$ cat final.cif   # mmCIF, C-alpha atoms and all ligand atoms
data_final
loop_
_atom_site.label_atom_id
_atom_site.label_comp_id
_atom_site.auth_asym_id
_atom_site.auth_seq_id
_atom_site.Cartn_x
_atom_site.Cartn_y
_atom_site.Cartn_z
CA MET A 60 91.00 83.58 118.47
CA LYS A 61 88.60 86.20 117.11
CA ILE A 62 89.60 87.80 113.86
CA GLY A 63 88.38 91.17 112.57
CA PHE A 64 88.75 92.68 109.12
CA ILE A 65 88.71 96.38 108.40
CA GLY A 66 87.90 96.46 104.70
CA GLY A 67 86.03 93.59 103.11
CA GLY A 68 87.54 93.72 99.61
CA VAL A 69 89.10 91.08 97.39
CA MET A 70 92.06 90.23 99.62
CA ALA A 71 89.98 90.17 102.81
CA GLU A 72 87.52 87.80 101.15
CA ALA A 73 90.37 85.49 100.06
CA ILE A 74 91.70 85.36 103.64
CA MET A 75 88.22 84.78 105.14
CA LYS A 76 87.47 81.99 102.65
CA GLY A 77 90.81 80.30 103.35
CA ILE A 78 90.33 80.50 107.12
CA LEU A 79 86.82 79.04 106.89
CA ASP A 80 87.80 76.30 104.42
CA VAL A 81 90.29 74.83 106.90
CA SER A 82 88.01 75.61 109.90
CA LEU A 83 90.76 77.67 111.54
CA VAL A 84 88.09 79.98 112.98
CA LYS A 85 84.31 79.57 113.09
CA PRO A 86 82.27 82.08 111.03
CA GLU A 87 80.80 83.54 114.25
CA ASN A 88 84.32 84.54 115.29
CA LEU A 89 85.02 86.48 112.10
CA PHE A 90 83.99 90.14 111.93
CA VAL A 91 84.24 92.57 109.05
CA SER A 92 83.57 96.24 108.50
CA ASP A 93 83.40 98.05 105.18
CA LEU A 94 82.10 101.38 103.94
CA ASP A 95 80.00 99.52 101.39
CA SER A 96 76.94 97.94 103.06
CA GLN A 97 76.20 95.84 99.94
CA ARG A 98 79.66 94.33 100.26
CA LEU A 99 78.92 93.43 103.89
CA GLU A 100 75.63 91.84 102.87
CA TYR A 101 77.43 89.82 100.20
CA LEU A 102 80.08 88.58 102.67
CA ASN A 103 77.41 87.73 105.20
CA LYS A 104 75.41 85.81 102.60
CA THR A 105 78.31 83.93 101.01
CA LEU A 106 80.58 83.29 104.00
CA ASN A 107 78.18 83.72 106.91
CA VAL A 108 80.57 86.16 108.60
CA PHE A 109 79.40 88.96 110.83
CA GLY A 110 79.36 92.32 109.01
CA VAL A 111 79.37 95.53 111.02
CA GLU A 112 79.45 99.09 109.79
CA SER A 113 81.73 100.39 112.56
CA ASN A 114 85.49 99.81 112.44
CA ILE A 115 85.76 100.34 116.21
CA GLU A 116 83.21 97.59 116.84
CA VAL A 117 85.29 95.18 114.74
CA VAL A 118 88.41 96.05 116.75
CA ASN A 119 86.59 95.64 120.07
CA LYS A 120 85.32 92.19 119.12
CA SER A 121 88.66 90.86 117.80
CA ASP A 122 92.04 89.65 119.08
CA ILE A 123 93.74 90.12 115.71
CA VAL A 124 92.58 92.96 113.46
CA ILE A 125 93.41 92.59 109.78
CA LEU A 126 93.80 95.93 108.00
CA ALA A 127 92.66 95.18 104.44
CA ILE A 128 91.95 98.65 103.10
CA LYS A 129 93.69 100.47 100.25
CA PRO A 130 96.79 102.53 101.14
CA GLN A 131 94.91 105.79 100.48
CA ASN A 132 92.47 104.95 103.30
CA ILE A 133 94.94 103.91 105.99
CA LYS A 134 95.45 107.41 107.43
CA GLU A 135 91.73 108.02 108.08
CA VAL A 136 91.37 104.57 109.66
CA MET A 137 94.39 105.10 111.97
CA ILE A 138 93.02 108.48 113.08
CA GLU A 139 89.61 106.89 113.71
CA LEU A 140 91.02 104.01 115.79
CA LYS A 141 93.84 105.63 117.80
CA GLY A 142 93.11 106.07 121.48
CA ASN A 143 90.11 103.70 121.52
CA SER A 144 91.38 101.16 124.11
CA ILE A 145 93.06 99.13 121.38
CA LEU A 146 96.41 98.64 123.12
CA ASP A 147 95.97 94.90 123.70
CA LYS A 148 95.16 94.15 120.05
CA THR A 149 97.48 92.92 117.33
CA PHE A 150 97.07 94.62 113.96
CA LEU A 151 97.96 92.58 110.90
CA SER A 152 98.31 94.88 107.92
CA ILE A 153 98.22 93.82 104.28
CA VAL A 154 98.24 97.46 103.19
CA ALA A 155 100.96 97.85 100.57
CA GLY A 156 103.80 100.23 101.37
CA VAL A 157 102.88 101.18 104.94
CA LYS A 158 105.75 100.52 107.34
CA THR A 159 105.43 98.96 110.80
CA GLU A 160 106.75 102.16 112.41
CA ILE A 161 104.04 104.25 110.73
CA LEU A 162 101.33 101.81 111.83
CA GLN A 163 102.66 101.82 115.41
CA GLU A 164 102.72 105.60 115.50
CA GLY A 165 99.38 106.05 113.73
CA LEU A 166 97.50 103.51 115.85
CA GLY A 167 99.42 103.99 119.10
CA VAL A 168 99.82 100.19 119.24
CA ASP A 169 103.08 98.21 119.49
CA SER A 170 101.95 94.79 118.29
CA ILE A 171 102.06 94.92 114.48
CA ILE A 172 102.34 92.24 111.79
CA ARG A 173 103.12 93.50 108.29
CA VAL A 174 102.23 91.27 105.38
CA MET A 175 102.74 91.31 101.61
CA PRO A 176 100.42 88.80 99.92
CA ASN A 177 99.71 88.51 96.20
CA THR A 178 96.55 87.90 94.18
CA PRO A 179 96.97 84.13 93.59
CA ALA A 180 96.02 83.99 97.29
CA GLN A 181 92.47 83.98 95.93
CA ILE A 182 93.05 80.39 94.75
CA LYS A 183 95.35 79.43 97.66
CA LYS A 184 98.44 79.66 95.46
CA GLY A 185 99.69 82.94 96.89
CA MET A 186 103.18 83.92 97.99
CA THR A 187 102.96 85.82 101.25
CA VAL A 188 105.97 87.43 102.92
CA TRP A 189 105.56 88.81 106.42
CA THR A 190 107.32 90.31 109.42
CA SER A 191 106.34 91.44 112.90
CA SER A 192 107.25 93.85 115.65
CA LYS A 193 108.97 92.40 118.73
CA SER A 194 105.90 92.91 120.92
CA VAL A 195 103.58 90.48 119.09
CA PRO A 196 102.77 87.69 121.60
CA SER A 197 104.16 84.31 120.46
CA VAL A 198 100.69 82.69 120.48
CA THR A 199 99.41 85.44 118.14
CA LEU A 200 102.46 85.02 115.94
CA SER A 201 101.93 81.30 115.50
CA PHE A 202 98.19 81.80 114.88
CA SER A 203 99.00 84.45 112.25
CA LYS A 204 101.32 81.98 110.54
CA LYS A 205 98.34 79.61 110.26
CA ILE A 206 96.11 82.39 108.89
CA LEU A 207 98.68 83.32 106.23
CA GLY A 208 99.32 79.66 105.41
CA VAL A 209 95.76 79.36 104.09
CA LEU A 210 96.71 81.69 101.24
CA GLY A 211 99.43 79.41 99.83
CA GLU A 212 103.15 79.68 100.67
CA GLU A 213 104.18 81.99 103.51
CA LEU A 214 107.64 83.20 104.45
CA TYR A 215 108.52 85.02 107.67
CA VAL A 216 111.37 87.54 107.48
CA GLU A 217 113.11 89.48 110.27
CA ASP A 218 114.27 92.33 108.08
CA GLU A 219 111.44 94.67 107.04
CA ASP A 220 113.41 95.84 103.97
CA LEU A 221 112.65 92.40 102.52
CA ILE A 222 108.95 93.33 102.53
CA ASP A 223 109.60 96.18 100.06
CA MET A 224 111.71 93.81 97.95
CA SER A 225 108.92 91.22 98.04
CA THR A 226 106.40 93.87 97.03
CA ALA A 227 108.47 94.42 93.89
CA LEU A 228 108.96 90.72 93.13
CA SER A 229 105.99 88.66 94.34
CA GLY A 230 103.44 91.39 95.23
CA SER A 231 103.52 92.96 91.76
CA GLY A 232 104.77 89.74 90.16
CA PRO A 233 101.41 88.39 88.94
CA ALA A 234 101.01 91.52 86.79
CA TYR A 235 104.39 90.83 85.12
CA MET A 236 103.23 87.30 84.34
CA PHE A 237 99.90 88.53 82.94
CA LEU A 238 101.72 91.06 80.75
CA PHE A 239 103.99 88.33 79.36
CA MET A 240 100.99 86.07 78.86
CA ASP A 241 99.15 88.80 76.99
CA ALA A 242 102.18 89.53 74.80
CA LEU A 243 102.50 85.83 73.91
CA ILE A 244 98.77 85.58 73.06
CA ASN A 245 99.07 88.61 70.77
CA ALA A 246 102.19 87.13 69.19
CA GLY A 247 100.25 83.95 68.36
CA ILE A 248 97.50 86.05 66.78
CA ASN A 249 100.09 88.08 64.83
CA ILE A 250 101.51 85.00 63.16
CA GLY A 251 98.03 83.94 62.05
CA MET A 252 96.49 81.86 64.84
CA SER A 253 92.94 82.40 66.13
CA LYS A 254 92.66 84.14 69.51
CA GLU A 255 90.96 81.09 71.01
CA MET A 256 93.76 78.77 69.95
CA SER A 257 96.51 81.19 71.01
CA VAL A 258 94.95 81.60 74.48
CA LYS A 259 94.72 77.81 74.89
CA LEU A 260 98.32 77.21 73.82
CA VAL A 261 99.75 80.02 75.95
CA ARG A 262 97.83 79.08 79.13
CA GLN A 263 98.85 75.43 78.99
CA THR A 264 102.45 76.26 77.98
CA LEU A 265 102.91 78.59 80.96
CA LEU A 266 101.20 76.22 83.39
CA GLY A 267 103.23 73.25 82.17
CA SER A 268 106.52 75.17 82.17
CA ILE A 269 106.00 76.43 85.72
CA GLU A 270 105.07 73.00 87.05
CA LEU A 271 108.02 71.47 85.22
CA ALA A 272 110.38 74.08 86.71
CA ILE A 273 109.00 73.60 90.23
CA GLY A 274 109.33 69.82 90.04
CA SER A 275 112.74 69.84 88.40
CA GLU A 276 116.19 69.43 89.93
CA PHE A 277 117.48 71.94 87.34
CA GLU A 278 117.59 75.74 87.49
CA PRO A 279 115.47 77.64 84.88
CA THR A 280 118.66 78.50 82.93
CA LYS A 281 119.41 74.80 82.46
CA LEU A 282 115.79 74.02 81.53
CA LYS A 283 115.97 76.79 78.95
CA GLU A 284 119.16 75.30 77.48
CA MET A 285 117.47 71.90 77.33
CA VAL A 286 114.73 73.19 74.95
CA THR A 287 117.15 75.22 72.85
CA SER A 288 118.91 73.41 70.02
CA PRO A 289 121.66 75.20 68.08
CA GLY A 290 120.27 76.93 64.98
CA GLY A 291 116.69 76.07 65.99
CA THR A 292 113.46 78.00 66.47
CA THR A 293 113.79 78.60 70.23
CA GLU A 294 117.32 79.94 69.79
CA ALA A 295 116.05 82.41 67.18
CA ALA A 296 113.34 83.70 69.54
CA LEU A 297 115.61 83.92 72.60
CA ALA A 298 118.27 85.80 70.61
CA LYS A 299 115.63 88.34 69.58
CA LEU A 300 114.47 88.76 73.19
CA GLU A 301 118.01 89.33 74.47
CA GLU A 302 118.80 91.66 71.55
CA GLY A 303 115.94 93.80 72.88
CA GLY A 304 117.41 93.62 76.41
CA PHE A 305 114.69 91.40 77.88
CA SER A 306 116.55 90.20 81.01
CA ASP A 307 117.98 93.67 81.78
CA LEU A 308 114.56 95.21 81.27
CA VAL A 309 112.93 92.77 83.72
CA SER A 310 115.62 93.60 86.26
CA GLU A 311 115.12 97.35 85.76
CA ALA A 312 111.34 96.94 86.07
CA VAL A 313 111.67 95.16 89.42
CA CYS A 314 114.14 97.85 90.59
CA SER A 315 111.56 100.54 89.69
CA ALA A 316 108.90 98.72 91.70
CA PHE A 317 111.33 98.39 94.64
CA GLU A 318 112.20 102.11 94.56
CA ARG A 319 108.49 102.96 94.44
CA ALA A 320 107.76 100.64 97.38
CA LYS A 321 110.52 102.31 99.44
CA PHE A 322 109.23 105.76 98.51
CA LEU A 323 105.62 104.90 99.42
CA GLY A 324 106.77 103.21 102.64
CA GLY A 325 108.59 106.37 103.75
CA LYS A 326 105.52 108.56 103.34
CA LYS A 327 103.67 109.57 106.52
N1 LIG A 401 95.09 92.99 95.42
C1 LIG A 401 96.40 92.73 95.45
O1 LIG A 401 97.05 92.24 94.53
C2 LIG A 401 97.17 93.00 96.69
C3 LIG A 401 98.39 92.39 96.89
C4 LIG A 401 99.10 92.68 98.05
C5 LIG A 401 98.57 93.60 98.93
N2 LIG A 401 97.39 94.19 98.69
C6 LIG A 401 96.88 95.17 99.61
O2 LIG A 401 95.70 94.68 100.19
C7 LIG A 401 94.88 95.79 100.54
C8 LIG A 401 93.47 95.49 100.12
O3 LIG A 401 93.43 95.29 98.71
P1 LIG A 401 92.10 94.83 97.98
O4 LIG A 401 92.46 94.57 96.55
O5 LIG A 401 91.41 93.79 98.77
O6 LIG A 401 91.26 96.23 98.06
P2 LIG A 401 89.72 96.50 97.83
O7 LIG A 401 89.08 95.37 97.10
O8 LIG A 401 89.58 97.91 97.29
O9 LIG A 401 89.13 96.46 99.33
C9 LIG A 401 89.25 97.51 100.24
C10 LIG A 401 87.89 97.66 100.92
O10 LIG A 401 88.04 98.55 102.03
C11 LIG A 401 86.90 99.41 102.07
N3 LIG A 401 87.21 100.64 102.79
C12 LIG A 401 87.75 101.79 102.32
N4 LIG A 401 87.87 102.70 103.31
C13 LIG A 401 87.41 102.11 104.44
C14 LIG A 401 87.26 102.54 105.78
N5 LIG A 401 87.62 103.76 106.18
N6 LIG A 401 86.75 101.66 106.67
C15 LIG A 401 86.36 100.41 106.29
N7 LIG A 401 86.47 99.96 105.02
C16 LIG A 401 86.98 100.80 104.11
C17 LIG A 401 86.62 99.65 100.60
O11 LIG A 401 85.32 100.15 100.45
P3 LIG A 401 85.02 101.11 99.19
O12 LIG A 401 85.25 100.27 97.97
O13 LIG A 401 83.60 101.50 99.40
O14 LIG A 401 86.01 102.25 99.28
C18 LIG A 401 86.83 98.26 100.00
O15 LIG A 401 85.67 97.48 100.04
C19 LIG A 401 95.48 97.02 99.84
O16 LIG A 401 96.11 97.85 100.78
C20 LIG A 401 96.49 96.46 98.91
O17 LIG A 401 97.61 97.32 98.82
C21 LIG A 401 96.65 93.89 97.60
#
$ encode --input "final.cif" --output "structure tokens"
Amino acid sequence: MKIGFIGGGVMAEAIMKGILDVSLVKPENLFVSDLDSQRLEYLNKTLNVFGVESNIEVVNKSDIVILAIKPQNIKEVMIELKGNSILDKTFLSIVAGVKTEILQEGLGVDSIIRVMPNTPAQIKKGMTVWTSSKSVPSVTLSFSKKILGVLGEELYVEDEDLIDMSTALSGSGPAYMFLFMDALINAGINIGMSKEMSVKLVRQTLLGSIELAIGSEFEPTKLKEMVTSPGGTTEAALAKLEEGGFSDLVSEAVCSAFERAKFLGGKK
């Protein structure tokens, strides 16, 4: 299979690297276009992939075209591509908030795969949720599963509404974790620790806790109970967090992201 990328940004680079690392596709069968010629030079130098300045050329050379541009650029790209003998191509879009129906209409193409990755994909620890239109050929579907598998975990869903939900949970999720991490680091500094020491403690605590939770037979609630002794330090901290509505606030935050994803997805 020949794979093309429209947009050679951070996510496109992560996918290209992953594909090449497992030799899923040879570099000569990867094509990328980007408005930024320096970016193309960089990708050519580091990954040996073929950079072209024309989006149409990328589409013509590829069986699967990965749309890896920002949402604000999708309209201009669809207008540019529509009508250019692209009917036999499959478009795999990682563009946040753009529904399959809008891509089908905008490109005039039936075969669409819609994907929601997240940034840990850059280190192959991503969570990618994806769906497809009925007209994607089965061979393309199974090849796309392999492409997405190089980013970490992948999960296929039938119901496209789950993509908006995933956007709110796993797509935006790394930012929630970074916010919590930052708050913990500042808390360490506030009680008198050096920044260097606080960063070290917080990083290893989060890493260890996540690995413990993943490897454990217990749910996070149980693991939390196991480190909380009555009248102890953890109990005091957790009580303060819940007094401030921590769990409800997290739930409301994810709801806001979900509402925003639905709103953006409905825009033409
Ligand atoms: N990063 C994430 O966490 C994440 C997670 C899930 C989904 N996504 C989605 O993934 C997509 C890509 O994100 P990213 O972070 O990789 O973005 P990015 O780094 O900004 O990459 C987009 C690239 O596309 C280029 N571009 C813009 N208009 C173009 C056009 N008309 N033709 C060809 N190339 C064009 C941009 O060039 P210029 O810089 O010169 O404009 C830029 O190099 C977005 O839609 C985002 O919603 C991202």
$ residues_near_ligand --input "final.cif" --ligand "ligand LIG 401 (chain A)" --cutoff "7 Å" --atoms "all atoms listed in the file" --output "PDB file with C-alpha atoms, in the frame of the given file"
ATOM      1  CA  ILE A  65      88.710  96.380 108.400  1.00  0.00           C
ATOM      2  CA  GLY A  66      87.900  96.460 104.700  1.00  0.00           C
ATOM      3  CA  GLY A  67      86.030  93.590 103.110  1.00  0.00           C
ATOM      4  CA  GLY A  68      87.540  93.720  99.610  1.00  0.00           C
ATOM      5  CA  VAL A  69      89.100  91.080  97.390  1.00  0.00           C
ATOM      6  CA  MET A  70      92.060  90.230  99.620  1.00  0.00           C
ATOM      7  CA  ALA A  71      89.980  90.170 102.810  1.00  0.00           C
ATOM      8  CA  SER A  92      83.570  96.240 108.500  1.00  0.00           C
ATOM      9  CA  ASP A  93      83.400  98.050 105.180  1.00  0.00           C
ATOM     10  CA  LEU A  94      82.100 101.380 103.940  1.00  0.00           C
ATOM     11  CA  ASP A  95      80.000  99.520 101.390  1.00  0.00           C
ATOM     12  CA  ARG A  98      79.660  94.330 100.260  1.00  0.00           C
ATOM     13  CA  ASN A 114      85.490  99.810 112.440  1.00  0.00           C
ATOM     14  CA  ALA A 127      92.660  95.180 104.440  1.00  0.00           C
ATOM     15  CA  ILE A 128      91.950  98.650 103.100  1.00  0.00           C
ATOM     16  CA  LYS A 129      93.690 100.470 100.250  1.00  0.00           C
ATOM     17  CA  PRO A 130      96.790 102.530 101.140  1.00  0.00           C
ATOM     18  CA  ASN A 132      92.470 104.950 103.300  1.00  0.00           C
ATOM     19  CA  GLU A 135      91.730 108.020 108.080  1.00  0.00           C
ATOM     20  CA  VAL A 136      91.370 104.570 109.660  1.00  0.00           C
ATOM     21  CA  ILE A 153      98.220  93.820 104.280  1.00  0.00           C
ATOM     22  CA  VAL A 154      98.240  97.460 103.190  1.00  0.00           C
ATOM     23  CA  ALA A 155     100.960  97.850 100.570  1.00  0.00           C
ATOM     24  CA  MET A 175     102.740  91.310 101.610  1.00  0.00           C
ATOM     25  CA  PRO A 176     100.420  88.800  99.920  1.00  0.00           C
ATOM     26  CA  ASN A 177      99.710  88.510  96.200  1.00  0.00           C
ATOM     27  CA  THR A 178      96.550  87.900  94.180  1.00  0.00           C
ATOM     28  CA  GLY A 230     103.440  91.390  95.230  1.00  0.00           C
TER      29      GLY A 230
END
$ residues_around --input "final.cif" --residues "Ala246 (chain A)" --least-positions-apart "6" --cutoff "12 Å" --atoms "all atoms listed in the file" --output "list in words"
Phe239, Met240, Met252, Ser253, Lys254, Met256, Ser257, Val258, Leu260, Val261 and Ala296 of chain A
$ write_last_selection --input "final.cif" --atoms "C-alpha atoms" --output "compact mmCIF listing (two decimals), in the frame of the given file"
# COMPACT_ATOMS: atom_id res chain seq x y z
CA PHE A 239 103.99 88.33 79.36
CA MET A 240 100.99 86.07 78.86
CA MET A 252 96.49 81.86 64.84
CA SER A 253 92.94 82.40 66.13
CA LYS A 254 92.66 84.14 69.51
CA MET A 256 93.76 78.77 69.95
CA SER A 257 96.51 81.19 71.01
CA VAL A 258 94.95 81.60 74.48
CA LEU A 260 98.32 77.21 73.82
CA VAL A 261 99.75 80.02 75.95
CA ALA A 296 113.34 83.70 69.54
$ residues_around --input "final.cif" --residues "region 183-186 of chain A" --least-positions-apart "6" --cutoff "8 Å" --atoms "all atoms listed in the file" --output "ChimeraX atom specification"
/A:77,176-177,209-214,229-230
$ atom_distance --input "final.cif" --atom1 "CA of Ile78 (chain A)" --atom2 "CA of Ile206 (chain A)"
6.3 Å
$ residues_around --input "final.cif" --residues "Ala320 (chain A)" --least-positions-apart "3" --cutoff "10 Å" --atoms "only C-alpha atoms" --output "list in words"
Ala155, Gly156, Val157, Asp220, Ile222, Asp223, Met224, Ser225, Thr226, Ala227, Cys314, Ser315, Ala316, Phe317, Leu323, Gly324 and Gly325 of chain A
$ write_last_selection --input "final.cif" --atoms "C-alpha atoms" --output "PDB file, in the frame of the given file"
ATOM      1  CA  ALA A 155     100.960  97.850 100.570  1.00  0.00           C
ATOM      2  CA  GLY A 156     103.800 100.230 101.370  1.00  0.00           C
ATOM      3  CA  VAL A 157     102.880 101.180 104.940  1.00  0.00           C
ATOM      4  CA  ASP A 220     113.410  95.840 103.970  1.00  0.00           C
ATOM      5  CA  ILE A 222     108.950  93.330 102.530  1.00  0.00           C
ATOM      6  CA  ASP A 223     109.600  96.180 100.060  1.00  0.00           C
ATOM      7  CA  MET A 224     111.710  93.810  97.950  1.00  0.00           C
ATOM      8  CA  SER A 225     108.920  91.220  98.040  1.00  0.00           C
ATOM      9  CA  THR A 226     106.400  93.870  97.030  1.00  0.00           C
ATOM     10  CA  ALA A 227     108.470  94.420  93.890  1.00  0.00           C
ATOM     11  CA  CYS A 314     114.140  97.850  90.590  1.00  0.00           C
ATOM     12  CA  SER A 315     111.560 100.540  89.690  1.00  0.00           C
ATOM     13  CA  ALA A 316     108.900  98.720  91.700  1.00  0.00           C
ATOM     14  CA  PHE A 317     111.330  98.390  94.640  1.00  0.00           C
ATOM     15  CA  LEU A 323     105.620 104.900  99.420  1.00  0.00           C
ATOM     16  CA  GLY A 324     106.770 103.210 102.640  1.00  0.00           C
ATOM     17  CA  GLY A 325     108.590 106.370 103.750  1.00  0.00           C
TER      18      GLY A 325
END
$ atom_distance --input "final.cif" --atom1 "CA of Leu207 (chain A)" --atom2 "CA of Leu83 (chain A)"
11.1 Å
$ residues_around --input "final.cif" --residues "Asn143 (chain A)" --least-positions-apart "2" --cutoff "10 Å" --atoms "only C-alpha atoms" --output "PyMOL selection string"
chain A and resi 115+118-119+139-141+145-146+166-167
$ write_last_selection --input "final.cif" --atoms "C-alpha atoms" --output "PDB file, in the frame of the given file"
ATOM      1  CA  ILE A 115      85.760 100.340 116.210  1.00  0.00           C
ATOM      2  CA  VAL A 118      88.410  96.050 116.750  1.00  0.00           C
ATOM      3  CA  ASN A 119      86.590  95.640 120.070  1.00  0.00           C
ATOM      4  CA  GLU A 139      89.610 106.890 113.710  1.00  0.00           C
ATOM      5  CA  LEU A 140      91.020 104.010 115.790  1.00  0.00           C
ATOM      6  CA  LYS A 141      93.840 105.630 117.800  1.00  0.00           C
ATOM      7  CA  ILE A 145      93.060  99.130 121.380  1.00  0.00           C
ATOM      8  CA  LEU A 146      96.410  98.640 123.120  1.00  0.00           C
ATOM      9  CA  LEU A 166      97.500 103.510 115.850  1.00  0.00           C
ATOM     10  CA  GLY A 167      99.420 103.990 119.100  1.00  0.00           C
TER      11      GLY A 167
END
$ atom_distance --input "final.cif" --atom1 "CA of Thr293 (chain A)" --atom2 "CA of Lys281 (chain A)"
14.0 Å
$ residues_around --input "final.cif" --residues "Glu116 (chain A)" --least-positions-apart "5" --cutoff "10 Å" --atoms "only C-alpha atoms" --output "MDAnalysis selection string"
chainID A and resid 63 90:92 111 121
$ closest_residue --input "final.cif" --among "A:Leu151, A:Leu221, A:Ala73, A:Met60" --to "Glu87 (chain A)" --atoms "only C-alpha atoms"
A:Met60
